[in-house]
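The structure appears right after this line, and notes come after that.
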Amino acid sequence: MSNQSNHTEILLDIKNIKKYYPIQAGLFRRTIGHVKAVDDVSLYVKRGETLGLVGESGCGKTTLGKCIVRLHRPTEGELRYRFDEDGEYKDLLSLDKKESFNARKKIQMVFQDPYSSLNPIKNILTAFDEPLRIHGWTNANERKERVAELLESVNLHADYMYRYPNEFSGGQRQRICIARAMCVNPDLIVCDEPVSALDVSIQAQVLNLMKDLQKEHGLTYVFIAHDLSVVEYMSDRIAVMYLGKVVELASAKKLYYHFEHPYTEALLSAIPIPKIGEKRQRIILEGDVPSPANPPAGCRFHTRCHKVMDICRVKSPELRPMKNDPDHLVACHLADTVEDIAEIPADAV
Amino acid sequence: MNKQDYILSINDLKTQFKIGKRVVKAVDGVTLNVRRGKTMGLVGESGCGKSVTAHSIMQLLPKAGSIKEGEIIFRPQNSEEFDIAKYRKTDKKLRNMRGRQISMIFQDPMSSLNPVYRIGDQIIESIIQHERISKKAAIKRTVDMLEMLSIPQADKRIMDYPHQFSGGMKQRVMIAMGLITNPELLIADEPTTALDVTIQAQILELMQQMQEQLGFTIIIITHNMGIVADMADDIAVMYMGKIMEFGAKEDIFLRPTHPYTRALLKSVPVLGNGGNDRLEPIRGTTPDPSDMPEGCSFMPRCDLATEKCKNAPPYEDVGNGHMVRCWYAKGGAANE
Amino acid sequence: MLKYFVSRILLLIPMLLVIGLVVFIGLELAPGDPITAMIPPDQLSSMTLEDIEAMRESLGLNDPMLVRYFRWLFNLIKGDMGYSVVTGTPIASIIQNLLPATIKLTFAALIISTIIGLLFGIVSAIKSNTFIDYISSVLGVIGISMPEFFIGILALLIFAIRLKWFPAQGRTDVGLNALQSLKYLVLPACSLGMVLAAALMRYTRNAMLDVLNKDYVKTARAKGLPEWKVYYKHVFRNSLMPISVLLLLRLPMLIGGSVVIEQVFGYAGVGSRLLAAINGSDYQLVLVIILLLSTVSLLASVLIDMFTALLDPRVRLGGDIGGAK
Amino acid sequence: MATVLASKQKVKKSSLAKRNLQKLLNNKLAVFGLIVVTAMILACIAAPLLTPYDPMKISLSERDLEPSSNHLFGTDKLGRDVFARTLYGGRMSILIGLSGAIGGMLLGVIFGSLCGFFGGTLDAIFVKIAELVSVVPQLLLVLVLSTFLGAGVQNLIYVFMFTGWVATFRLVRGRFFSLREESFVEACRAFGIGNLSIAFKHILPNCLGPVAVQLTLNTAGFILQEAALSFIGLGVPSGVPTWGNIMNAAKEIIVITQSPWLWIPPGIAIALFVLGVNSLGDGMRDVLDPSQL
């Protein structure tokens, strides 16, 4: 089991991942453009930590998550993954067939909608059975015991394995899905909005369970959500995404008080807080998120940014570390990053 | 307070649904007073009856649902007060009230607009239903209203169809449709649940601005405690068809008294806490509404529950109109 | 909008070509010498074998099949459909005499069934789960379970033979005024339309109930619209789209059914002629009629499809669904 | 762990199929349909027990008899017993309808799942073919094919299979398209479960309910079509009795007016059986999805 207190070892290194979907039109299905769902994202995930991915719908967070689990094949980029603590990094996208199959055990996913995550006509045992069987649990009785054990680990009765999904509430289903993702002993679980379909009083049950399981099994999470408060509660570090790009990456503690990107600022101020008294400065963004099929030139956020400058309309800012904190990355011309704005040639404006 | 200061008074409202042979008591004795010109927030989890309460006020219940008991007294500014619950769903009195005196906007702006008619026609339909007005004047008013709601190029966009609008824009159209007849009460049923946070902020801000300008009353229904903290003056917390706690915003957030309200506040992560405090989940799940427990409906999940809670607790004033439905509300264990 | 229609019509062409090809291959495989169907019989009888062989060459019957196919198709479009082997009359004139009658019959059936189906469907939906709804649901399921020809025979027996309200058999336009010829149409059209009416009724009811649950109906009520306006403007109007899809699927069945109904009533249309041609092994005539009926069915489907598009702005204006401007 | 395994022996295994059957039996419409269909099938199978007459036996001494206690539905022009013919004819009509529908269903399910799961060019081709088959009046298609293949029970079944796969194909393909986006399918992929297993073990079983409903619709439709075809003399050869063939006699006005027992019993038999099948289908649809239709 890895050391939880200081996560130093990089488990997954996401390098320049792009995922473009062709837009086809006309009688002959000509490709007339691309939806740039994820556009050149580089991130790393350390063993044992939780990396939060936050952003509004269409920002590419789910697509990125599905690329990591290899449900989608990225258009470009590498997913360098370290199978053993002292092993080498291997690109998940260029494994041979057998390695690729075995790597499926390492990275699992919990989906947003607990109602569609379980096959309605199969009972819980059957839902676990096939993944276990193809990944080495050859003995049927052992599989059964394993399922019982897993169900109890998510605080459900072992007998529930004979029931069908429609007999469970949303919260129970999501717990079953977490147990199913855990059945092959993964290192990394990508959680795609795991609580957004649940009632508020149930959300906390699931979130706490996930935290406990992480501690117990040394799991690494990529936690995707649109609700910053939930992400903040779960994550060690948070990446804020906008229109296919990461605009800011910082530790969860830092992001709330020392945000640098205007989008993060707006996002934070837009979230209603169940507290009264402190009057917050609200930043209301104008307009809608532009279409990822036709993102604006320059900085993608410039059309809605309240601090927009001339340079933002032409030059897209790189994601760069802050001068005073190399672990805090920002993609904004205004931020005091390692590379200064002054270095940009004047004729670019 | 004077009776006339309340635009709406609901007394012991009971709304039931008949599904096959089962009877679901969706709203089971709701009592509420809504202050004129203010915003009342109705919060609760899914299935607690908050939406049914709102639909009962408009008498927009589906066929299987009907008001069984109670009264809904509506007091319009310039006409006689009347009891909405007394009329049939299709009564002319209610039809004249809907859309003119009370407007309602719904959760999902995507499906709330008819896809086959132009945006403009759908808004104008509302004016023409209630006023004798020329088509030209109606169009002018529609454009003005859309401009007030900051829809760019409103004069052109009224010719567009709903599928040409984004979710946030559609919700603005819904608000325009609701406000175009200058109603006294706007009921917003989870108006931002289907929208992104930055769009949600836009819509909530707009609703507040419009309220300042036009002075109508808002009932906002939501499951998000944050939204009521932002928007509401008074808050009612609903659980299993009953109001568990009602009071001014300060009462609810600074002096939450019902164990359910307290549990609800402790179970949601608060931005800025950085995951320091561990959340305290409410145990168990919401009971089946057609098979509710005897006595206090929160009892099976309540940490303070005792033998006493097997009897239904009274709905009591604990001071300044702060109402609580709990045996321990007055100086009991809940105030430890 | 125009773009959509044009593309829909352009798509017709390959489909017609394929149906034509299938029919043409059928012709090729059919027993008998094709030349007998291409030359007027009286001329044919006076020709020698050499003449026929020369004729075959000059008519291009020895050309590759694809060439012959397109020539055949081209002739067909020009109106030269060849000759019936059995009666020796030009097929074009047979068609000219009989096709309008069949189209009239089918169209009448379509109108009758649409009116009855929509009417009962709407009433059923508005009064859902009442006695009226229950009765019409039972009638609906009985309606779709009846063989068309059985309805036809019963109608013939009751209304024509016993009650003598309508003529029992036949249809001739000669010397009949409009009212009289309408009398010949009533029974066949009603019998043909009954099954479709039942299907439409069931479907209309369900489509309306479906739409009734939509949020925009609630919006309409929340505006204070009276019930009839809610039903007329927001429920019925929106149900028309799924209903027209059903019509699209059912139309070929209606045209097929006309063949049987014509037989029952001895109605002189292409359908009864088709059966006679099959019994007489008059393959050229059989295939031309089938090609024509298929074309009618295809054209009608396209018309209904366009009607659906007219109803739905999402199709009409192209599918940038949810896209902000 | 031992306690866990021991305790679960007590739990009764709840089977989804059993529960759905229970629901079906609570549905009045379905029960009515089931009773009618079963009773009629049983009666047709047990025909030799119910009637002493041979449906083919010509008896010139007993021509054109009205219904009597001897001949329940009377006799036809050749003195054959109409009751016997209706029973034996039912065997053939039901057999043709049912086997055509089952064959069509199998084709539709296979094509539909392949196209729905893999999409692409294969799918595009099949969609076009399906469109073509469905736009040509089915009766005409059957007519052409049976003209060229020749009349005969087997050929008729082939023809029905060839024309009847389209509805099932569309249905299965559509269900596949929506189901393959569901999270449980993505979960399967995330575990590395193979495509074929996903398609046939995880997705396909979810389509079977609607497919069964479609099967009833097709059976009903084919029985009606067989009857129509045989009625106009182009279905089953006239020697083999089927409901449609028996009614063939009613092409003459004289039969319609003078000997209604020749065509009313088989006509009612068709309508009743199809009504039963349709009611069963409606009931099944209600059970599968109470909100739809």
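To be explicit about the labels: the chains of the structure tokens are called A, B, and onward in the order shown, and within each one the residues are counted from 1, while ligands get numbers from 1 in the order they are shown.
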Practice item. Find the residues near range 158-173 of chain A: any atom within 9 Å, counting only C-alpha atoms, skip ones fewer than 3 places away on the same chain, and give them as a VMD selection string. Key: (chain A and resid 113 to 115 117 to 126 144 to 145 147 to 152 154 176 to 178 195 197 to 199 202 to 203 205 to 206) or (chain B and resid 285) or (chain D and resid 4 to 5 7 to 9 11 to 16)
Exercise for review: Can you list, as a ChimeraX atom specification, all residues belonging to range 79-184 of chain A that DSSP tags as strand (DSSP E)?
Suggested key: /A:79-82,89-91,107-110
Up to 6 Å from chain C, what residues of chain B turn up? Count only C-alpha atoms and give them as a compact mmCIF listing (two decimals) with N, CA and C atoms, in the first residue's frame.
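Saved result, result.txt, follows:
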```txt
# COMPACT_ATOMS: atom_id res chain seq x y z
N ARG B 95 -58.23 29.97 -14.70
CA ARG B 95 -57.59 30.24 -15.99
C ARG B 95 -57.19 31.69 -16.09
N ASN B 96 -58.06 32.57 -15.59
CA ASN B 96 -57.73 33.99 -15.64
C ASN B 96 -56.61 34.34 -14.68
N ARG B 98 -54.09 32.12 -13.82
CA ARG B 98 -52.85 31.55 -14.34
C ARG B 98 -52.27 32.44 -15.42
N GLY B 99 -51.03 32.76 -15.30
CA GLY B 99 -50.37 33.52 -16.35
C GLY B 99 -50.62 35.01 -16.23
N SER B 111 -37.49 21.55 -22.41
CA SER B 111 -38.74 20.92 -22.82
C SER B 111 -39.96 21.78 -22.48
N SER B 112 -39.74 22.95 -21.89
CA SER B 112 -40.89 23.75 -21.48
C SER B 112 -41.43 24.62 -22.60
N LEU B 113 -40.69 24.73 -23.67
CA LEU B 113 -41.18 25.51 -24.80
C LEU B 113 -41.59 24.55 -25.91
N ASN B 114 -42.71 24.87 -26.55
CA ASN B 114 -43.20 24.01 -27.62
C ASN B 114 -42.28 24.14 -28.84
N VAL B 116 -42.52 23.55 -31.90
CA VAL B 116 -43.00 23.87 -33.24
C VAL B 116 -43.46 25.32 -33.42
N SER B 126 -49.49 34.43 -24.46
CA SER B 126 -49.80 34.71 -23.07
C SER B 126 -50.46 36.08 -22.90
N HIS B 163 -35.37 25.47 -30.63
CA HIS B 163 -34.14 24.69 -30.77
C HIS B 163 -32.95 25.56 -31.19
N GLN B 164 -33.23 26.81 -31.54
CA GLN B 164 -32.14 27.70 -31.92
C GLN B 164 -31.61 28.49 -30.72
N PHE B 165 -32.17 28.21 -29.55
CA PHE B 165 -31.74 28.90 -28.33
C PHE B 165 -30.94 27.96 -27.43
N SER B 166 -30.01 28.52 -26.66
CA SER B 166 -29.31 27.72 -25.66
C SER B 166 -30.18 27.60 -24.42
```
Practice item. Please give the complete set of residues from range 49-164 of chain B that DSSP, run on the backbone, assigns to helix (DSSP H, G or I), formatted as number ranges by chain. Key: B: 50-58, 84-86, 92-97, 109-112, 119-130, 135-148, 154-157, 162-164
Report as a Markdown table: every residue of chain B with an atom at most 7 Å from chain A, its closest pair of atoms, and their distance in Å to one decimal, counting only C-alpha atoms, with rows sorted by chain and ascending residue number.
```
| residue | atom | partner | partner_atom | distance |
| --- | --- | --- | --- | --- |
| B:Glu45 | CA | A:Asp199 | CA | 6.0 |
| B:Ser46 | CA | A:Asp199 | CA | 6.7 |
| B:Asp196 | CA | A:Glu56 | CA | 5.8 |
| B:Val197 | CA | A:Ala270 | CA | 6.1 |
| B:Thr198 | CA | A:Ala270 | CA | 5.6 |
| B:Ala201 | CA | A:Ala270 | CA | 5.3 |
| B:Gln202 | CA | A:Ile284 | CA | 5.9 |
| B:Met225 | CA | A:Pro274 | CA | 5.1 |
| B:Gly226 | CA | A:Pro274 | CA | 3.8 |
| B:Ile227 | CA | A:Pro272 | CA | 5.3 |
| B:Ala229 | CA | A:Pro274 | CA | 5.5 |
| B:Asp230 | CA | A:Pro272 | CA | 6.6 |
| B:Phe253 | CA | A:Lys275 | CA | 6.5 |
| B:Leu264 | CA | A:Ser201 | CA | 6.3 |
| B:Ser267 | CA | A:Ala204 | CA | 5.6 |
| B:Val268 | CA | A:Ala204 | CA | 6.7 |
| B:Pro269 | CA | A:Ser229 | CA | 5.7 |
| B:Val270 | CA | A:Ser229 | CA | 5.8 |
| B:Leu271 | CA | A:Ser229 | CA | 4.5 |
| B:Gly272 | CA | A:Tyr256 | CA | 5.9 |
| B:Gly274 | CA | A:Glu232 | CA | 5.5 |
| B:Gly275 | CA | A:Tyr233 | CA | 3.9 |
| B:Leu279 | CA | A:Ala204 | CA | 6.1 |
| B:Glu280 | CA | A:Ala204 | CA | 6.8 |
| B:Pro281 | CA | A:Ala204 | CA | 4.8 |
| B:Ile282 | CA | A:Ser201 | CA | 5.6 |
```
Point to revise | Residue neighbourhood Lys183 in chain C, 9 Å, only C-alpha atoms, exclusion window fewer than 4 positions, as JSON, numbers by chain | key: {"C": [165, 166, 167, 178, 179, 187]}
Exercise for review: Grab the CA of Asn294 in chain A to CA of Lys170 in chain B distance for me, in Å with one decimal place.
Suggested key: 21.6 Å
Exercise for review: Please provide the set of residues having any atom within 7 Å of Ala331 in chain A, restricted to only C-alpha atoms, with same-chain residues fewer than 4 positions apart removed, written as a VMD selection string.
Suggested key: chain A and resid 247 to 248 317 to 320
Determine, using only C-alpha atoms, which residues of chain C have any atom at most 9 Å from an atom of chain D, and tabulate each with its shortest atom pair and distance in Å to one decimal place, rows ordered by chain and then rising number, as CSV.
```
residue,atom,partner,partner_atom,distance
C:Met15,CA,D:Leu132,CA,6.8
C:Val18,CA,D:Leu132,CA,8.5
C:Ile19,CA,D:Leu132,CA,7.9
C:Gly26,CA,D:Phe148,CA,8.1
C:Leu29,CA,D:Phe148,CA,8.5
C:Ala30,CA,D:Phe148,CA,7.7
C:Val141,CA,D:Leu275,CA,6.8
C:Ile142,CA,D:Leu275,CA,6.0
C:Gly143,CA,D:Leu275,CA,8.8
C:Ile144,CA,D:Leu275,CA,7.9
C:Ser145,CA,D:Leu275,CA,5.0
C:Met146,CA,D:Ala271,CA,4.9
C:Pro147,CA,D:Leu224,CA,5.7
C:Glu148,CA,D:Ala228,CA,7.9
C:Phe149,CA,D:Ala228,CA,7.0
C:Phe150,CA,D:Gly267,CA,6.1
C:Ile153,CA,D:Ile256,CA,7.4
C:Leu154,CA,D:Ile256,CA,8.6
C:Leu156,CA,D:Ile256,CA,8.6
C:Leu157,CA,D:Thr257,CA,6.7
C:Ile161,CA,D:Thr257,CA,7.7
C:Arg162,CA,D:Thr257,CA,8.8
C:Ala168,CA,D:Ile253,CA,8.7
C:Gln169,CA,D:Ile253,CA,8.9
C:Arg202,CA,D:Leu293,CA,8.6
C:Tyr203,CA,D:Leu293,CA,8.0
C:Arg205,CA,D:Leu293,CA,8.6
C:Asn206,CA,D:Leu293,CA,5.3
C:Ala207,CA,D:Leu293,CA,7.9
C:Leu209,CA,D:Leu293,CA,8.6
C:Asp210,CA,D:Gln292,CA,7.7
C:Leu248,CA,D:Val135,CA,8.6
C:Leu249,CA,D:Ser134,CA,7.5
C:Leu251,CA,D:Pro137,CA,7.9
C:Pro252,CA,D:Pro137,CA,4.1
C:Met253,CA,D:Pro137,CA,5.5
C:Leu254,CA,D:Pro137,CA,7.9
C:Ile255,CA,D:Pro137,CA,6.4
C:Gly256,CA,D:Leu139,CA,5.0
C:Gly257,CA,D:Leu139,CA,7.4
C:Val259,CA,D:Leu139,CA,8.7
C:Val260,CA,D:Ile232,CA,6.7
C:Gln263,CA,D:Ile232,CA,7.2
C:Val264,CA,D:Lys251,CA,6.4
C:Phe265,CA,D:Lys251,CA,9.0
C:Leu275,CA,D:Ile232,CA,7.8
C:Ile278,CA,D:Thr147,CA,7.6
C:Asn279,CA,D:Leu234,CA,8.8
C:Val286,CA,D:Val144,CA,8.4
C:Leu287,CA,D:Val144,CA,8.1
C:Ile290,CA,D:Leu140,CA,6.7
C:Leu293,CA,D:Pro137,CA,8.0
C:Ser294,CA,D:Val136,CA,5.1
C:Thr295,CA,D:Val136,CA,8.1
C:Ser297,CA,D:Val135,CA,6.7
C:Leu298,CA,D:Val135,CA,6.0
C:Ser301,CA,D:Val135,CA,7.6
```
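Those residues of chain D that fall within 6 Å of chain A when using only C-alpha atoms read Lys8, Glu182, Ser183, Phe184, Phe191 and Gly192 of chain D.
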Review point. From the set A:Phe83, A:Phe223, A:Tyr89, A:Tyr242, which residue has the shortest atom-to-atom contact distance to Asp13 in chain A, counting only C-alpha atoms?
Key: A:Tyr89
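Summary of the local environment: counting only C-alpha atoms, residues at most 9 Å from Arg172 in chain B, other than itself and those fewer than 2 positions away along its chain, are Pro109, Leu146, Leu149, Ser150, Ile151, Gly167, Gly168, Met169, Lys170, Met174, Ile175, Ala176, Met177, Ile203 and Leu206 of chain B.
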